[in-house]
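**Student:** Below you will find the structure I want to go over with you.
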Amino acid sequence: MEAPRTFEVEPKLSGKGLPEPDAFAIWRGAPWYVEIQRSVYTVKQWSEKMNRYEKYYLSGEWERAEWQPSNKKIFPYVWIVGGNRYKFAIRSFNVFQGSVDSLLNRERV
């Protein structure tokens, strides 16, 4: 299994009201925000969390991250690791749920 090229625990993305991922990684040539879920979230809690990612995406602040390639700006995939599966509205970014194996099989929500 390929190790991440970059791995940062609880990265600080910016100001208040923005997402707070558990980790940021560059793995298999792609950037990832990782959400580790050990507890059950309500639909409202997940909606609020995803709305923060949407706000961050729309702000364009992510384009200035130091890891961004110079030739093409890439918003990280959001990967939810945990035993529960959640249904989400369509977002401007890609969200994946599940284990490494399911991610490798590209089970997109």
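Ordering of the structure tokens sets the chain letters (A, B, ...); residue numbers start at 1 within each chain; ligands are numbered from 1 in the order shown.
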Using the chain letters and numbers from this document, which residues of chain A does DSSP assign to strand (DSSP E), as a list in words?

**Tutor:** Thr6, Phe7, Glu8, Val9, Ala23, Phe24, Ala25, Ile26, Trp27, Ala30, Pro31, Trp32, Tyr33, Val34, Glu35, Ile36, Gln37, Tyr77, Val78, Trp79, Ile80, Val81, Gly82, Val95, Phe96 and Gln97 of chain A

**Student:** Could you save those same residues with C-alpha atoms as a PDB file, in the first residue's frame?

**Tutor:**
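Written out: again29.pdb:
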```pdb
ATOM      1  CA  THR A   6       1.864  14.484   2.922  1.00  0.00           C
ATOM      2  CA  PHE A   7      -0.053  13.881   6.141  1.00  0.00           C
ATOM      3  CA  GLU A   8      -1.089  16.640   8.529  1.00  0.00           C
ATOM      4  CA  VAL A   9      -3.260  16.118  11.625  1.00  0.00           C
ATOM      5  CA  ALA A  23      -6.398  15.230   8.712  1.00  0.00           C
ATOM      6  CA  PHE A  24      -5.134  16.440   5.365  1.00  0.00           C
ATOM      7  CA  ALA A  25      -3.213  14.071   3.116  1.00  0.00           C
ATOM      8  CA  ILE A  26      -1.826  13.908  -0.368  1.00  0.00           C
ATOM      9  CA  TRP A  27      -2.249  10.266  -1.220  1.00  0.00           C
ATOM     10  CA  ALA A  30      -4.638  13.495  -4.866  1.00  0.00           C
ATOM     11  CA  PRO A  31      -5.371  15.822  -1.930  1.00  0.00           C
ATOM     12  CA  TRP A  32      -7.779  14.592   0.781  1.00  0.00           C
ATOM     13  CA  TYR A  33      -9.547  16.078   3.787  1.00  0.00           C
ATOM     14  CA  VAL A  34     -10.195  13.179   6.145  1.00  0.00           C
ATOM     15  CA  GLU A  35     -13.073  13.067   8.615  1.00  0.00           C
ATOM     16  CA  ILE A  36     -12.801  10.227  11.154  1.00  0.00           C
ATOM     17  CA  GLN A  37     -16.251   9.441  12.539  1.00  0.00           C
ATOM     18  CA  TYR A  77     -11.719  15.148  -1.816  1.00  0.00           C
ATOM     19  CA  VAL A  78     -13.580  14.824   1.492  1.00  0.00           C
ATOM     20  CA  TRP A  79     -13.217  11.285   2.854  1.00  0.00           C
ATOM     21  CA  ILE A  80     -15.460  10.169   5.722  1.00  0.00           C
ATOM     22  CA  VAL A  81     -13.986   7.167   7.500  1.00  0.00           C
ATOM     23  CA  GLY A  82     -16.364   5.371   9.840  1.00  0.00           C
ATOM     24  CA  VAL A  95     -17.285  13.141  -0.946  1.00  0.00           C
ATOM     25  CA  PHE A  96     -16.363   9.519  -0.283  1.00  0.00           C
ATOM     26  CA  GLN A  97     -17.338   7.303   2.645  1.00  0.00           C
TER      27      GLN A  97
END
```

**Student:** Name the residues of chain A that come out as helix (DSSP H, G or I) in a backbone DSSP run; write them as a list in words.

**Tutor:**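 In chain A, DSSP puts these residues in helix (DSSP H, G or I): Val43, Lys44, Gln45, Trp46, Ser47, Glu48, Lys49, Met50, Asn51, Arg52, Tyr53, Glu54, Lys55, Tyr56, Tyr57, Leu58, Ser59, Glu61, Trp62, Glu63, Arg64, Val100, Asp101, Ser102, Leu103 and Leu104 of chain A.
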
**Student:** Those same residues, written as a PDB file, in the first residue's frame with N, CA and C atoms?

**Tutor:**
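Contents of selection18.pdb, as written:
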```
ATOM      1  N   VAL A  43     -28.418  14.035  10.874  1.00  0.00           N
ATOM      2  CA  VAL A  43     -28.455  14.619   9.538  1.00  0.00           C
ATOM      3  C   VAL A  43     -28.136  16.111   9.624  1.00  0.00           C
ATOM      4  N   LYS A  44     -28.660  16.787  10.629  1.00  0.00           N
ATOM      5  CA  LYS A  44     -28.405  18.218  10.809  1.00  0.00           C
ATOM      6  C   LYS A  44     -26.918  18.493  11.042  1.00  0.00           C
ATOM      7  N   GLN A  45     -26.264  17.683  11.886  1.00  0.00           N
ATOM      8  CA  GLN A  45     -24.832  17.873  12.150  1.00  0.00           C
ATOM      9  C   GLN A  45     -24.014  17.683  10.873  1.00  0.00           C
ATOM     10  N   TRP A  46     -24.345  16.644  10.080  1.00  0.00           N
ATOM     11  CA  TRP A  46     -23.609  16.407   8.837  1.00  0.00           C
ATOM     12  C   TRP A  46     -23.867  17.516   7.830  1.00  0.00           C
ATOM     13  N   SER A  47     -25.097  17.981   7.793  1.00  0.00           N
ATOM     14  CA  SER A  47     -25.417  19.066   6.876  1.00  0.00           C
ATOM     15  C   SER A  47     -24.597  20.308   7.222  1.00  0.00           C
ATOM     16  N   GLU A  48     -24.508  20.623   8.500  1.00  0.00           N
ATOM     17  CA  GLU A  48     -23.711  21.778   8.930  1.00  0.00           C
ATOM     18  C   GLU A  48     -22.233  21.592   8.580  1.00  0.00           C
ATOM     19  N   LYS A  49     -21.728  20.391   8.810  1.00  0.00           N
ATOM     20  CA  LYS A  49     -20.322  20.109   8.502  1.00  0.00           C
ATOM     21  C   LYS A  49     -20.058  20.247   6.999  1.00  0.00           C
ATOM     22  N   MET A  50     -20.919  19.680   6.177  1.00  0.00           N
ATOM     23  CA  MET A  50     -20.745  19.764   4.726  1.00  0.00           C
ATOM     24  C   MET A  50     -20.951  21.194   4.227  1.00  0.00           C
ATOM     25  N   ASN A  51     -21.836  21.949   4.883  1.00  0.00           N
ATOM     26  CA  ASN A  51     -22.025  23.350   4.505  1.00  0.00           C
ATOM     27  C   ASN A  51     -20.757  24.164   4.744  1.00  0.00           C
ATOM     28  N   ARG A  52     -19.991  23.823   5.786  1.00  0.00           N
ATOM     29  CA  ARG A  52     -18.715  24.514   6.028  1.00  0.00           C
ATOM     30  C   ARG A  52     -17.719  24.215   4.900  1.00  0.00           C
ATOM     31  N   TYR A  53     -17.687  22.954   4.436  1.00  0.00           N
ATOM     32  CA  TYR A  53     -16.823  22.624   3.298  1.00  0.00           C
ATOM     33  C   TYR A  53     -17.277  23.382   2.045  1.00  0.00           C
ATOM     34  N   GLU A  54     -18.585  23.455   1.842  1.00  0.00           N
ATOM     35  CA  GLU A  54     -19.120  24.167   0.682  1.00  0.00           C
ATOM     36  C   GLU A  54     -18.731  25.648   0.743  1.00  0.00           C
ATOM     37  N   LYS A  55     -18.853  26.250   1.906  1.00  0.00           N
ATOM     38  CA  LYS A  55     -18.477  27.661   2.083  1.00  0.00           C
ATOM     39  C   LYS A  55     -16.995  27.855   1.765  1.00  0.00           C
ATOM     40  N   TYR A  56     -16.168  26.946   2.247  1.00  0.00           N
ATOM     41  CA  TYR A  56     -14.732  27.024   1.989  1.00  0.00           C
ATOM     42  C   TYR A  56     -14.447  26.864   0.495  1.00  0.00           C
ATOM     43  N   TYR A  57     -15.113  25.918  -0.125  1.00  0.00           N
ATOM     44  CA  TYR A  57     -14.939  25.708  -1.560  1.00  0.00           C
ATOM     45  C   TYR A  57     -15.289  26.982  -2.332  1.00  0.00           C
ATOM     46  N   LEU A  58     -16.445  27.548  -2.048  1.00  0.00           N
ATOM     47  CA  LEU A  58     -16.907  28.732  -2.765  1.00  0.00           C
ATOM     48  C   LEU A  58     -16.047  29.969  -2.498  1.00  0.00           C
ATOM     49  N   SER A  59     -15.376  30.007  -1.344  1.00  0.00           N
ATOM     50  CA  SER A  59     -14.527  31.159  -1.013  1.00  0.00           C
ATOM     51  C   SER A  59     -13.280  31.240  -1.891  1.00  0.00           C
ATOM     52  N   GLU A  61     -10.437  30.253  -1.060  1.00  0.00           N
ATOM     53  CA  GLU A  61      -9.243  30.336  -0.210  1.00  0.00           C
ATOM     54  C   GLU A  61      -8.328  29.122  -0.373  1.00  0.00           C
ATOM     55  N   TRP A  62      -8.903  27.983  -0.627  1.00  0.00           N
ATOM     56  CA  TRP A  62      -8.152  26.741  -0.765  1.00  0.00           C
ATOM     57  C   TRP A  62      -7.163  26.788  -1.933  1.00  0.00           C
ATOM     58  N   GLU A  63      -7.422  27.651  -2.905  1.00  0.00           N
ATOM     59  CA  GLU A  63      -6.541  27.747  -4.068  1.00  0.00           C
ATOM     60  C   GLU A  63      -5.160  28.286  -3.699  1.00  0.00           C
ATOM     61  N   ARG A  64      -5.043  28.945  -2.535  1.00  0.00           N
ATOM     62  CA  ARG A  64      -3.767  29.534  -2.119  1.00  0.00           C
ATOM     63  C   ARG A  64      -2.940  28.616  -1.218  1.00  0.00           C
ATOM     64  N   VAL A 100     -10.487   2.184   3.411  1.00  0.00           N
ATOM     65  CA  VAL A 100      -9.516   2.346   2.325  1.00  0.00           C
ATOM     66  C   VAL A 100      -9.921   1.479   1.137  1.00  0.00           C
ATOM     67  N   ASP A 101     -10.326   0.234   1.411  1.00  0.00           N
ATOM     68  CA  ASP A 101     -10.729  -0.653   0.314  1.00  0.00           C
ATOM     69  C   ASP A 101     -11.903  -0.084  -0.475  1.00  0.00           C
ATOM     70  N   SER A 102     -12.913   0.422   0.231  1.00  0.00           N
ATOM     71  CA  SER A 102     -14.067   0.967  -0.487  1.00  0.00           C
ATOM     72  C   SER A 102     -13.684   2.232  -1.248  1.00  0.00           C
ATOM     73  N   LEU A 103     -12.778   3.004  -0.689  1.00  0.00           N
ATOM     74  CA  LEU A 103     -12.314   4.200  -1.383  1.00  0.00           C
ATOM     75  C   LEU A 103     -11.588   3.821  -2.663  1.00  0.00           C
ATOM     76  N   LEU A 104     -10.753   2.823  -2.588  1.00  0.00           N
ATOM     77  CA  LEU A 104     -10.013   2.379  -3.766  1.00  0.00           C
ATOM     78  C   LEU A 104     -10.963   1.893  -4.851  1.00  0.00           C
TER      79      LEU A 104
END
```

**Student:** Which distance in Å separates atom CA of Pro69 of chain A and atom CA of Gly98 of chain A, to one decimal?

**Tutor:**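 That distance, rounded to one decimal, is 27.2 Å.
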
**Student:** For Ser92 of chain A, which residue among A:Thr42, A:Leu13, A:Gln68, A:Phe75 is the nearest when counting only C-alpha atoms?

**Tutor:**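 Smallest separation from Ser92 of chain A among the options: A:Phe75.
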
**Student:** Can you work out which one of A:Pro76, A:Ser14, A:Tyr41, A:Gly60 has the shortest atom-to-atom distance to Gly29 of chain A, counting only C-alpha atoms?

**Tutor:**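 For Gly29 of chain A, the nearest of the given residues is A:Pro76.
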